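Visitor: My file is protein-v7.txt. It has compact mmCIF, C-alpha atoms (C1' of nucleotides):
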# COMPACT_ATOMS: atom_id res chain seq x y z
CA MET A 130 119.68 86.71 135.52
CA SER A 131 117.09 88.11 137.88
CA GLY A 132 116.56 86.88 141.36
CA ASN A 133 115.86 83.23 141.97
CA SER A 134 114.43 80.57 139.76
CA ARG A 135 113.29 78.20 142.46
CA LEU A 136 109.63 78.29 141.50
CA CYS A 137 110.60 77.55 137.93
CA VAL A 138 112.78 74.58 138.89
CA ALA A 139 110.21 73.24 141.35
CA VAL A 140 107.43 73.30 138.76
CA HIS A 141 109.73 71.64 136.26
CA VAL A 142 110.63 68.89 138.72
CA LEU A 143 107.04 68.17 139.70
CA THR A 144 105.86 68.14 136.10
CA TRP A 145 108.69 65.77 135.23
CA MET A 146 107.70 63.48 138.09
CA ALA A 147 104.08 63.56 137.01
CA LEU A 148 105.12 62.36 133.57
CA ASP A 149 107.75 59.88 134.75
CA ARG A 150 105.47 58.04 137.11
CA ARG A 151 103.35 56.88 134.19
CA ASP A 152 106.11 54.31 133.71
CA PRO A 153 105.75 51.96 136.71
CA ALA A 154 109.29 50.67 136.28
CA ALA A 155 110.87 54.11 136.38
CA VAL A 156 112.59 55.38 139.50
CA ALA A 157 112.81 59.13 139.94
CA THR A 158 116.28 59.94 141.22
CA SER A 159 117.80 63.36 141.64
CA GLN A 160 120.35 62.37 139.01
CA ARG A 161 117.75 61.67 136.34
CA ILE A 162 115.78 64.79 137.16
CA ALA A 163 118.93 66.89 137.05
CA VAL A 164 119.53 65.81 133.47
CA SER A 165 116.16 67.19 132.38
CA VAL A 166 116.56 70.43 134.33
CA ASN A 167 120.19 70.66 133.18
CA THR A 168 121.67 71.34 136.58
CA ASN A 169 123.36 69.59 139.49
CA PRO A 170 121.66 66.76 141.42
CA VAL A 171 122.28 68.60 144.68
CA VAL A 172 120.25 71.53 143.42
CA ILE A 173 117.40 69.11 142.72
CA ARG A 174 117.71 67.51 146.14
CA ARG A 175 117.61 70.90 147.82
CA CYS A 176 114.48 71.77 145.89
CA LEU A 177 112.84 68.42 146.58
CA GLY A 178 113.69 68.83 150.25
CA GLN A 179 111.54 71.94 150.39
CA LEU A 180 108.76 70.20 148.50
CA ARG A 181 108.90 67.32 150.94
CA GLU A 182 108.62 69.65 153.93
CA ALA A 183 105.47 70.98 152.30
CA GLY A 184 104.14 67.45 151.88
CA LEU A 185 104.16 67.49 148.09
CA VAL A 186 106.68 64.68 147.54
CA GLN A 187 108.17 61.75 149.43
CA SER A 188 111.70 60.35 149.43
CA ARG A 189 113.01 56.85 150.01
CA ARG A 190 116.63 56.34 151.05
CA GLY A 191 118.97 53.40 150.68
CA ALA A 192 119.53 51.28 147.61
CA GLY A 193 117.02 51.71 144.80
CA ALA A 194 115.85 54.87 146.51
CA GLY A 195 114.20 57.84 144.82
CA TRP A 196 111.35 60.29 144.92
CA SER A 197 107.62 60.12 144.33
CA LEU A 198 104.70 62.52 144.35
CA ALA A 199 102.84 62.53 147.66
CA ARG A 200 99.67 63.92 146.10
CA GLU A 201 97.90 63.66 142.78
CA PRO A 202 99.13 66.17 140.18
CA GLU A 203 95.56 67.42 139.84
CA SER A 204 95.57 68.48 143.49
CA ILE A 205 98.90 70.33 143.46
CA THR A 206 98.47 73.97 142.49
CA LEU A 207 101.29 76.32 141.63
CA LEU A 208 100.32 78.20 144.79
CA ASP A 209 101.25 75.09 146.78
CA VAL A 210 104.61 75.06 145.03
CA TYR A 211 105.08 78.80 145.53
CA LEU A 212 104.43 78.48 149.23
CA ALA A 213 106.72 75.47 149.46
CA VAL A 214 109.76 77.09 147.87
CA GLY A 215 109.17 80.74 148.75
CA ASP A 216 111.16 81.79 151.80
CA ASP A 217 108.66 84.24 153.18
CA GLU A 218 110.53 86.76 151.04
CA PRO A 219 108.00 89.36 149.96
CA LEU A 220 107.59 90.05 146.27
CA PHE A 221 108.50 93.72 146.79
CA ALA A 222 110.86 94.88 149.51
CA LEU A 223 110.39 97.82 151.85
CA HIS A 224 113.17 100.30 152.67
CA HIS A 225 116.57 98.88 153.64
CA SER A 226 116.93 101.30 156.51
CA PRO A 227 113.68 102.65 157.94
CA PRO A 228 112.73 106.13 156.66
CA SER A 229 112.76 109.22 158.85
CA GLN A 230 110.02 108.94 161.43
CA SER A 231 110.02 112.71 161.96
CA CYS A 232 108.87 113.27 158.38
CA PRO A 233 105.14 112.75 157.82
CA VAL A 234 105.74 110.78 154.65
CA GLY A 235 108.58 108.79 156.18
CA PHE A 236 106.33 107.97 159.11
CA GLY A 237 103.31 106.77 157.18
CA ILE A 238 104.74 105.38 153.95
CA GLN A 239 105.70 101.94 155.21
CA PRO A 240 102.28 100.95 156.55
CA ALA A 241 100.70 102.32 153.40
CA LEU A 242 103.10 100.36 151.20
CA ARG A 243 102.62 97.22 153.23
CA GLN A 244 98.92 97.40 152.47
CA VAL A 245 99.54 97.84 148.74
CA PHE A 246 102.13 95.07 148.63
CA GLY A 247 99.76 92.81 150.51
CA ARG A 248 97.17 93.30 147.78
CA LEU A 249 99.81 92.52 145.13
CA ASP A 250 100.79 89.32 146.89
CA GLU A 251 97.16 88.34 147.17
CA ALA A 252 96.64 88.89 143.43
CA VAL A 253 99.64 86.70 142.62
CA ARG A 254 98.45 83.92 144.90
CA ARG A 255 94.97 83.98 143.43
CA GLU A 256 96.44 83.61 139.97
CA LEU A 257 98.84 80.83 141.01
CA ALA A 258 96.02 78.84 142.54
CA THR A 259 94.28 78.52 139.19
CA THR A 260 96.89 76.19 137.68
CA THR A 261 97.85 72.68 138.76
CA ILE A 262 100.79 70.44 137.96
CA ALA A 263 98.41 68.32 135.90
CA ASP A 264 97.56 71.43 133.86
CA MET A 265 101.26 72.10 133.36
CA LEU A 266 101.87 68.54 132.17
CA LEU A 267 99.00 68.77 129.69
CA ASP A 268 100.33 72.09 128.44
CA VAL A 269 103.87 70.74 128.12
CA LEU A 270 102.77 67.64 126.22
CA ALA A 271 100.68 69.74 123.85
CA ARG A 272 103.77 71.67 122.83
CA GLN A 273 105.75 68.66 121.62
CA PRO A 274 107.05 68.91 118.05
CA MET B 120 116.75 92.04 152.69
CA SER B 121 115.05 90.64 149.64
CA GLY B 122 115.69 91.83 146.12
CA ASN B 123 115.39 95.48 145.29
CA SER B 124 113.42 98.21 146.93
CA ARG B 125 113.31 100.60 144.00
CA LEU B 126 109.53 100.64 143.71
CA CYS B 127 109.32 101.37 147.40
CA VAL B 128 111.77 104.26 147.21
CA ALA B 129 110.18 105.66 144.06
CA VAL B 130 106.71 105.71 145.60
CA HIS B 131 108.13 107.29 148.73
CA VAL B 132 109.85 109.99 146.69
CA LEU B 133 106.80 110.83 144.62
CA THR B 134 104.52 110.90 147.64
CA TRP B 135 106.98 113.19 149.39
CA MET B 136 107.04 115.49 146.37
CA ALA B 137 103.25 115.54 146.23
CA LEU B 138 103.16 116.73 149.82
CA ASP B 139 106.09 119.12 149.56
CA ARG B 140 104.77 121.02 146.61
CA ARG B 141 101.85 122.27 148.69
CA ASP B 142 104.38 124.77 150.05
CA PRO B 143 105.08 127.10 147.09
CA ALA B 144 108.33 128.28 148.67
CA ALA B 145 109.75 124.80 149.09
CA VAL B 146 112.35 123.46 146.66
CA ALA B 147 112.57 119.69 146.29
CA THR B 148 116.26 118.76 146.22
CA SER B 149 117.71 115.28 146.29
CA GLN B 150 119.31 116.23 149.60
CA ARG B 151 116.01 117.00 151.30
CA ILE B 152 114.33 113.94 149.86
CA ALA B 153 117.22 111.76 150.96
CA VAL B 154 116.66 112.84 154.56
CA SER B 155 113.09 111.57 154.49
CA VAL B 156 113.99 108.30 152.77
CA ASN B 157 117.06 107.99 155.02
CA THR B 158 119.53 107.22 152.27
CA ASN B 159 122.14 108.87 150.07
CA PRO B 160 121.23 111.76 147.72
CA VAL B 161 122.83 109.91 144.82
CA VAL B 162 120.41 107.04 145.32
CA ILE B 163 117.56 109.53 145.09
CA ARG B 164 118.99 111.13 141.97
CA ARG B 165 119.35 107.72 140.34
CA CYS B 166 115.73 106.96 141.15
CA LEU B 167 114.50 110.38 139.99
CA GLY B 168 116.47 109.92 136.79
CA GLN B 169 114.39 106.87 135.94
CA LEU B 170 111.20 108.70 136.84
CA ARG B 171 112.22 111.58 134.58
CA GLU B 172 112.85 109.23 131.67
CA ALA B 173 109.30 108.02 132.16
CA GLY B 174 108.00 111.59 132.16
CA LEU B 175 106.81 111.56 135.76
CA VAL B 176 109.10 114.30 137.09
CA GLN B 177 111.20 117.18 135.82
CA SER B 178 114.57 118.46 136.96
CA ARG B 179 116.14 121.91 136.86
CA ARG B 180 119.89 122.30 137.05
CA GLY B 181 122.09 125.15 138.17
CA ALA B 182 121.64 127.29 141.25
CA GLY B 183 118.30 126.99 143.02
CA ALA B 184 117.71 123.82 141.08
CA GLY B 185 115.52 120.91 142.14
CA TRP B 186 112.79 118.54 141.11
CA SER B 187 109.08 118.83 140.46
CA LEU B 188 106.25 116.53 139.48
CA ALA B 189 105.56 116.54 135.74
CA ARG B 190 102.01 115.26 136.20
CA GLU B 191 99.26 115.61 138.76
CA PRO B 192 99.52 113.07 141.61
CA GLU B 193 96.01 111.92 140.77
CA SER B 194 97.15 110.84 137.30
CA ILE B 195 100.25 108.89 138.40
CA THR B 196 99.42 105.28 139.17
CA LEU B 197 101.75 102.85 140.89
CA LEU B 198 101.82 100.99 137.58
CA ASP B 199 103.41 104.05 136.00
CA VAL B 200 106.02 103.99 138.76
CA TYR B 201 106.53 100.25 138.42
CA LEU B 202 107.11 100.56 134.69
CA ALA B 203 109.45 103.51 135.24
CA VAL B 204 111.76 101.81 137.74
CA GLY B 205 111.39 98.19 136.67
CA ASP B 206 114.26 97.07 134.44
CA ASP B 207 112.33 94.62 132.34
CA GLU B 208 113.33 92.10 135.00
CA PRO B 209 110.53 89.58 135.19
CA LEU B 210 108.91 88.92 138.55
CA PHE B 211 109.86 85.24 138.32
CA ALA B 212 112.93 83.98 136.50
CA LEU B 213 113.18 81.05 134.11
CA HIS B 214 115.99 78.49 134.22
CA HIS B 215 119.56 79.78 134.40
CA SER B 216 120.75 77.34 131.78
CA PRO B 217 118.09 76.09 129.38
CA PRO B 218 116.69 72.66 130.26
CA SER B 219 117.34 69.55 128.18
CA GLN B 220 115.58 69.92 124.84
CA SER B 221 115.67 66.15 124.34
CA CYS B 222 113.39 65.61 127.33
CA PRO B 223 109.70 66.25 126.66
CA VAL B 224 109.30 68.20 129.87
CA GLY B 225 112.53 70.11 129.36
CA PHE B 226 111.38 71.00 125.87
CA GLY B 227 107.95 72.31 126.73
CA ILE B 228 108.29 73.66 130.23
CA GLN B 229 109.70 77.06 129.39
CA PRO B 230 106.93 78.16 127.02
CA ALA B 231 104.38 76.84 129.50
CA LEU B 232 105.98 78.74 132.36
CA ARG B 233 106.28 81.89 130.30
CA GLN B 234 102.54 81.82 129.82
CA VAL B 235 101.90 81.37 133.53
CA PHE B 236 104.37 84.07 134.50
CA GLY B 237 102.80 86.39 131.98
CA ARG B 238 99.45 85.98 133.70
CA LEU B 239 101.10 86.70 137.06
CA ASP B 240 102.66 89.87 135.73
CA GLU B 241 99.34 90.93 134.29
CA ALA B 242 97.64 90.41 137.64
CA VAL B 243 100.26 92.52 139.39
CA ARG B 244 99.94 95.32 136.87
CA ARG B 245 96.17 95.35 137.12
CA GLU B 246 96.44 95.71 140.87
CA LEU B 247 99.12 98.41 140.68
CA ALA B 248 96.99 100.45 138.31
CA THR B 249 94.26 100.86 140.93
CA THR B 250 96.31 103.12 143.21
CA THR B 251 97.66 106.61 142.50
CA ILE B 252 100.25 108.75 144.21
CA ALA B 253 97.39 110.95 145.40
CA ASP B 254 95.84 107.89 147.05
CA MET B 255 99.15 107.13 148.72
CA LEU B 256 99.45 110.66 150.05
CA LEU B 257 95.93 110.53 151.47
CA ASP B 258 96.67 107.17 153.08
CA VAL B 259 99.95 108.43 154.53
CA LEU B 260 98.40 111.57 155.97
CA ALA B 261 95.58 109.56 157.53
CA ARG B 262 98.13 107.56 159.50
CA GLN B 263 99.71 110.52 161.28
CA PRO B 264 99.76 110.27 165.08
C1' DC C 121 132.63 134.74 139.39
C1' DT C 122 130.57 131.92 142.96
C1' DG C 123 127.90 128.75 145.02
C1' DA C 124 124.51 125.16 144.93
C1' DA C 125 122.57 121.58 142.74
C1' DT C 126 122.20 118.01 139.11
C1' DG C 127 124.25 114.11 136.30
C1' DT C 128 127.35 110.19 136.17
C1' DA C 129 131.04 107.27 136.54
C1' DA C 130 133.63 104.40 139.57
C1' DC C 131 134.24 101.62 143.41
C1' DC C 132 133.30 98.89 147.77
C1' DG C 133 130.90 95.78 150.86
C1' DT C 134 127.19 92.82 151.39
C1' DA C 135 123.82 89.45 150.36
C1' DA C 136 121.78 85.88 147.73
C1' DC C 137 121.79 82.36 144.52
C1' DT C 138 123.57 78.60 141.61
C1' DG C 139 126.73 75.20 141.03
C1' DT C 140 130.09 71.97 142.80
C1' DT C 141 132.64 68.83 145.82
C1' DA C 142 132.78 66.00 149.63
C1' DC C 143 131.23 62.95 152.93
C1' DG C 144 128.17 60.72 156.25
C1' DA C 145 123.64 58.15 156.71
C1' DC C 146 120.60 54.96 155.14
C1' DT C 147 118.77 50.66 153.08
C1' DG C 148 117.60 47.08 149.49
C1' DA C 149 120.03 43.44 146.98
C1' DC C 150 123.09 39.76 147.21
C1' DG D 260 127.07 41.17 156.87
C1' DT D 261 128.76 43.49 152.83
C1' DC D 262 128.18 46.32 149.10
C1' DA D 263 126.53 49.64 146.09
C1' DG D 264 123.55 53.26 145.13
C1' DT D 265 121.03 57.11 146.79
C1' DC D 266 119.62 60.62 149.89
C1' DG D 267 120.94 64.48 153.15
C1' DT D 268 123.73 68.20 154.22
C1' DA D 269 127.62 70.98 155.04
C1' DA D 270 131.06 73.77 152.93
C1' DC D 271 132.99 76.49 149.44
C1' DA D 272 133.63 79.08 144.98
C1' DG D 273 131.98 82.13 141.37
C1' DT D 274 128.68 85.30 139.79
C1' DT D 275 125.39 88.84 140.05
C1' DA D 276 122.84 92.64 141.79
C1' DC D 277 122.02 96.09 144.84
C1' DG D 278 122.66 99.98 148.06
C1' DG D 279 125.75 103.14 149.55
C1' DT D 280 129.62 106.29 148.98
C1' DT D 281 133.03 109.36 146.92
C1' DA D 282 134.43 112.19 143.35
C1' DC D 283 134.03 115.27 139.78
C1' DA D 284 132.27 117.60 135.65
C1' DT D 285 128.21 120.33 134.32
C1' DT D 286 124.85 123.76 134.72
C1' DC D 287 122.84 128.16 135.94
C1' DA D 288 120.65 131.99 139.19
C1' DG D 289 122.31 135.89 141.51
Represent the structure from my file as structure tokens, please.
Guide:
Amino acid sequence: MSGNSRLCVAVHVLTWMALDRRDPAAVATSQRIAVSVNTNPVVIRRCLGQLREAGLVQSRRGAGAGWSLAREPESITLLDVYLAVGDDEPLFALHHSPPSQSCPVGFGIQPALRQVFGRLDEAVRRELATTTIADMLLDVLARQP
Amino acid sequence: MSGNSRLCVAVHVLTWMALDRRDPAAVATSQRIAVSVNTNPVVIRRCLGQLREAGLVQSRRGAGAGWSLAREPESITLLDVYLAVGDDEPLFALHHSPPSQSCPVGFGIQPALRQVFGRLDEAVRRELATTTIADMLLDVLARQP
DNA sequence: CTGAATGTAACCGTAACTGTTACGACTGAC
DNA sequence: GTCAGTCGTAACAGTTACGGTTACATTCAG
């Protein structure tokens, strides 16, 4: 069980919403979504809260409330989702306690690593930007038995 | 403090060894390396153990023992290091508990995500393969005050 | 033999995440 | 206005992983 699965859950939720909204009578509640993701509604609400802050979904409160996509699935890339749920946490971490500044390697290694890790992050983002929620939905539907 | 910093420490260690071996009289011990990384010698030994399993370094036991690079710094890429210290843990995790298989999205989302995550991993590896320990050492030395 | 270093196992404290319960806030339906 | 259903959020428990530390057996040059 490695790290966090927020990106996974967020993509699942958005893909589910993209499919569900094809039924005009359907109302997307955290309860219904939680059944598909097989988790707790609060986990879904936490996730959707982050997606709302990023402007990807909207919520309505009160009776008959629920969630809806704020943008077309074709316009939501996985990079948008990644940025929405990622807490600025870098993909690879630097040293816990800073290395010895009196050692040449200890002095220069962190800037050098930051540059490398920056390129890694950039590569990941480029790749994430190539897929949209609409692509995911198509892919998911093509895999039905 | 996000996730693990093993790749960071491993690159630091190897870069340090690449510099240290320029002095023929120097002996690379986990104690000396730990001073530069600013951590415990056991942490360094654990890291070097993984690097040895991958054939990147060698160890000598007994009195006057220590560590040495098993390959030229120019031939060790950061991908080699990543593969050596990475415990098969994927960069992005799938669901903790499998999603509902009776929901179309829950059924197809995991294979779809696996494909996407595979492309992400591939992008990271491609980028890691472009830098060697020798490159890191040059970069580090260029940053000295 | 002696000392210095590796190789490991064991344990602790911390941090993060998921899952869960609980409860207040909001709002459409009646 | 009341009610019921949902969001919003705080709080807590359980699990996991990691870094750090101590301890000790193992190995080997001198």
Visitor: Can you work out the spacing between CA of Thr259 in chain A and CA of Ala212 in chain B in Å, to one decimal?
Guide: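 It comes out at 19.6 Å.
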Visitor: What are the residues of chain A that have an atom within 8 Å of an atom of chain B, counting only C-alpha atoms, as a PyMOL selection string?
Guide: chain A and resi 130-134+136-138+141+144-145+164-168+218-229+232-238+241-242+248-249+252-253+256-257+265-266+268-270+272-273
Visitor: Chain B residues within 7 Å of chain D, counting all atoms listed in the file: which ones, as a list in words?
Guide: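 Here they are: Asn123, Asn159, Arg180, Gly181, Ala182 and Gly183 of chain B.
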Visitor: Could you list, with a cut-off of 7 Å and counting all atoms listed in the file, the residues of chain C near chain A, each shown with its nearest atom pair and the distance in Å rounded to one decimal, rows sorted by chain and ascending number, as a tab-separated table?
Guide:
residue	atom	partner	partner_atom	distance
C:DC137	C1'	A:Asn133	CA	6.5
C:DG139	C1'	A:Asn169	CA	6.7
C:DC146	C1'	A:Gly191	CA	5.0
C:DT147	C1'	A:Gly191	CA	3.6
C:DG148	C1'	A:Ala192	CA	5.0
Visitor: One number please: CA of Leu167 in chain B to CA of Ala129 in chain B, in Å, one decimal.
Guide: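 Value for the CA of Leu167 in chain B-CA of Ala129 in chain B distance: 7.6 Å.
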Visitor: Could you check how far CA of Asp152 in chain A sits from CA of Gln179 in chain A, in Å to one decimal?
Guide: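 Between CA of Asp152 in chain A and CA of Gln179 in chain A the gap is 24.9 Å.
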Visitor: Enclose the full set of atoms of range 126-133 of chain C listed in the file within a box whose edges lie along x, y and z, apply 5 Å of padding to each of the six sides, and report centre and edge lengths in Å to one decimal as JSON.
Guide:
{"center_x": 128.2, "center_y": 106.9, "center_z": 143.5, "size_x": 22.0, "size_y": 32.2, "size_z": 24.7}
Visitor: Need to verify the contact set: Leu185 in chain A, 7 Å, all atoms listed in the file, exclusion of same-chain residues closer than 6 positions in sequence. Can you return it as a ChimeraX atom specification?
Guide: /A:198-200
Visitor: For each of B:Val200, B:Ser187, B:Gly237, B:Ser194, take the minimum atom-to-atom distance to Ala145 in chain B, counting only C-alpha atoms, then give the residue where this is smallest.
Guide: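 Counting only C-alpha atoms, the residue closest to Ala145 in chain B is B:Ser187.
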Visitor: For range 214-241 of chain A, where the input has fewer atoms than it should, I would like N, CA and C atoms rebuilt and written as a PDB file, in the coordinates of the input.
Guide:
ATOM      1  N   VAL A 214     108.391  76.659 148.166  1.00  0.00           N
ATOM      2  CA  VAL A 214     109.760  77.090 147.870  1.00  0.00           C
ATOM      3  C   VAL A 214     110.027  78.553 148.208  1.00  0.00           C
ATOM      4  N   GLY A 215     108.981  79.323 148.427  1.00  0.00           N
ATOM      5  CA  GLY A 215     109.170  80.740 148.750  1.00  0.00           C
ATOM      6  C   GLY A 215     109.594  80.890 150.191  1.00  0.00           C
ATOM      7  N   ASP A 216     110.702  81.595 150.421  1.00  0.00           N
ATOM      8  CA  ASP A 216     111.160  81.790 151.800  1.00  0.00           C
ATOM      9  C   ASP A 216     110.571  83.068 152.332  1.00  0.00           C
ATOM     10  N   ASP A 217     109.292  83.087 152.541  1.00  0.00           N
ATOM     11  CA  ASP A 217     108.660  84.240 153.180  1.00  0.00           C
ATOM     12  C   ASP A 217     109.119  85.577 152.599  1.00  0.00           C
ATOM     13  N   GLU A 218     110.041  85.523 151.643  1.00  0.00           N
ATOM     14  CA  GLU A 218     110.530  86.760 151.040  1.00  0.00           C
ATOM     15  C   GLU A 218     109.388  87.433 150.296  1.00  0.00           C
ATOM     16  N   PRO A 219     109.086  88.684 150.659  1.00  0.00           N
ATOM     17  CA  PRO A 219     108.000  89.360 149.960  1.00  0.00           C
ATOM     18  C   PRO A 219     108.384  89.648 148.516  1.00  0.00           C
ATOM     19  N   LEU A 220     107.373  89.778 147.686  1.00  0.00           N
ATOM     20  CA  LEU A 220     107.590  90.050 146.270  1.00  0.00           C
ATOM     21  C   LEU A 220     108.308  91.387 146.077  1.00  0.00           C
ATOM     22  N   PHE A 221     107.887  92.397 146.848  1.00  0.00           N
ATOM     23  CA  PHE A 221     108.500  93.720 146.790  1.00  0.00           C
ATOM     24  C   PHE A 221     109.024  94.066 148.179  1.00  0.00           C
ATOM     25  N   ALA A 222     110.236  94.606 148.223  1.00  0.00           N
ATOM     26  CA  ALA A 222     110.860  94.880 149.510  1.00  0.00           C
ATOM     27  C   ALA A 222     110.557  96.295 149.979  1.00  0.00           C
ATOM     28  N   LEU A 223     110.497  96.477 151.286  1.00  0.00           N
ATOM     29  CA  LEU A 223     110.390  97.820 151.850  1.00  0.00           C
ATOM     30  C   LEU A 223     111.798  98.427 151.955  1.00  0.00           C
ATOM     31  N   HIS A 224     111.896  99.599 152.557  1.00  0.00           N
ATOM     32  CA  HIS A 224     113.170 100.300 152.670  1.00  0.00           C
ATOM     33  C   HIS A 224     114.220  99.410 153.364  1.00  0.00           C
ATOM     34  N   HIS A 225     115.473  99.575 152.959  1.00  0.00           N
ATOM     35  CA  HIS A 225     116.570  98.880 153.640  1.00  0.00           C
ATOM     36  C   HIS A 225     116.685  99.400 155.069  1.00  0.00           C
ATOM     37  N   SER A 226     116.923 100.702 155.177  1.00  0.00           N
ATOM     38  CA  SER A 226     116.930 101.300 156.510  1.00  0.00           C
ATOM     39  C   SER A 226     115.647 102.117 156.652  1.00  0.00           C
ATOM     40  N   PRO A 227     115.003 102.019 157.783  1.00  0.00           N
ATOM     41  CA  PRO A 227     113.680 102.650 157.940  1.00  0.00           C
ATOM     42  C   PRO A 227     113.749 104.149 157.664  1.00  0.00           C
ATOM     43  N   PRO A 228     112.732 104.698 156.989  1.00  0.00           N
ATOM     44  CA  PRO A 228     112.730 106.130 156.660  1.00  0.00           C
ATOM     45  C   PRO A 228     112.592 106.985 157.911  1.00  0.00           C
ATOM     46  N   SER A 229     112.821 108.275 157.731  1.00  0.00           N
ATOM     47  CA  SER A 229     112.760 109.220 158.850  1.00  0.00           C
ATOM     48  C   SER A 229     111.371 109.240 159.472  1.00  0.00           C
ATOM     49  N   GLN A 230     111.312 108.951 160.756  1.00  0.00           N
ATOM     50  CA  GLN A 230     110.020 108.940 161.430  1.00  0.00           C
ATOM     51  C   GLN A 230     109.542 110.349 161.777  1.00  0.00           C
ATOM     52  N   SER A 231     110.419 111.335 161.648  1.00  0.00           N
ATOM     53  CA  SER A 231     110.020 112.710 161.960  1.00  0.00           C
ATOM     54  C   SER A 231     109.448 113.410 160.727  1.00  0.00           C
ATOM     55  N   CYS A 232     109.504 112.736 159.581  1.00  0.00           N
ATOM     56  CA  CYS A 232     108.870 113.270 158.380  1.00  0.00           C
ATOM     57  C   CYS A 232     107.523 112.591 158.220  1.00  0.00           C
ATOM     58  N   PRO A 233     106.470 113.363 157.940  1.00  0.00           N
ATOM     59  CA  PRO A 233     105.140 112.750 157.820  1.00  0.00           C
ATOM     60  C   PRO A 233     105.102 111.626 156.810  1.00  0.00           C
ATOM     61  N   VAL A 234     105.743 111.837 155.662  1.00  0.00           N
ATOM     62  CA  VAL A 234     105.740 110.780 154.650  1.00  0.00           C
ATOM     63  C   VAL A 234     106.568 109.595 155.125  1.00  0.00           C
ATOM     64  N   GLY A 235     107.737 109.876 155.681  1.00  0.00           N
ATOM     65  CA  GLY A 235     108.580 108.790 156.180  1.00  0.00           C
ATOM     66  C   GLY A 235     107.871 107.979 157.251  1.00  0.00           C
ATOM     67  N   PHE A 236     107.030 108.673 158.018  1.00  0.00           N
ATOM     68  CA  PHE A 236     106.330 107.970 159.110  1.00  0.00           C
ATOM     69  C   PHE A 236     105.243 107.051 158.580  1.00  0.00           C
ATOM     70  N   GLY A 237     104.487 107.531 157.591  1.00  0.00           N
ATOM     71  CA  GLY A 237     103.310 106.770 157.180  1.00  0.00           C
ATOM     72  C   GLY A 237     103.492 105.908 155.948  1.00  0.00           C
ATOM     73  N   ILE A 238     104.628 106.037 155.256  1.00  0.00           N
ATOM     74  CA  ILE A 238     104.740 105.380 153.950  1.00  0.00           C
ATOM     75  C   ILE A 238     104.853 103.863 154.088  1.00  0.00           C
ATOM     76  N   GLN A 239     105.512 103.399 155.118  1.00  0.00           N
ATOM     77  CA  GLN A 239     105.700 101.940 155.210  1.00  0.00           C
ATOM     78  C   GLN A 239     104.399 101.197 155.457  1.00  0.00           C
ATOM     79  N   PRO A 240     103.576 101.628 156.413  1.00  0.00           N
ATOM     80  CA  PRO A 240     102.280 100.950 156.550  1.00  0.00           C
ATOM     81  C   PRO A 240     101.453 101.022 155.279  1.00  0.00           C
ATOM     82  N   ALA A 241     101.489 102.175 154.627  1.00  0.00           N
ATOM     83  CA  ALA A 241     100.700 102.320 153.400  1.00  0.00           C
ATOM     84  C   ALA A 241     101.210 101.368 152.322  1.00  0.00           C
TER      85      ALA A 241
END
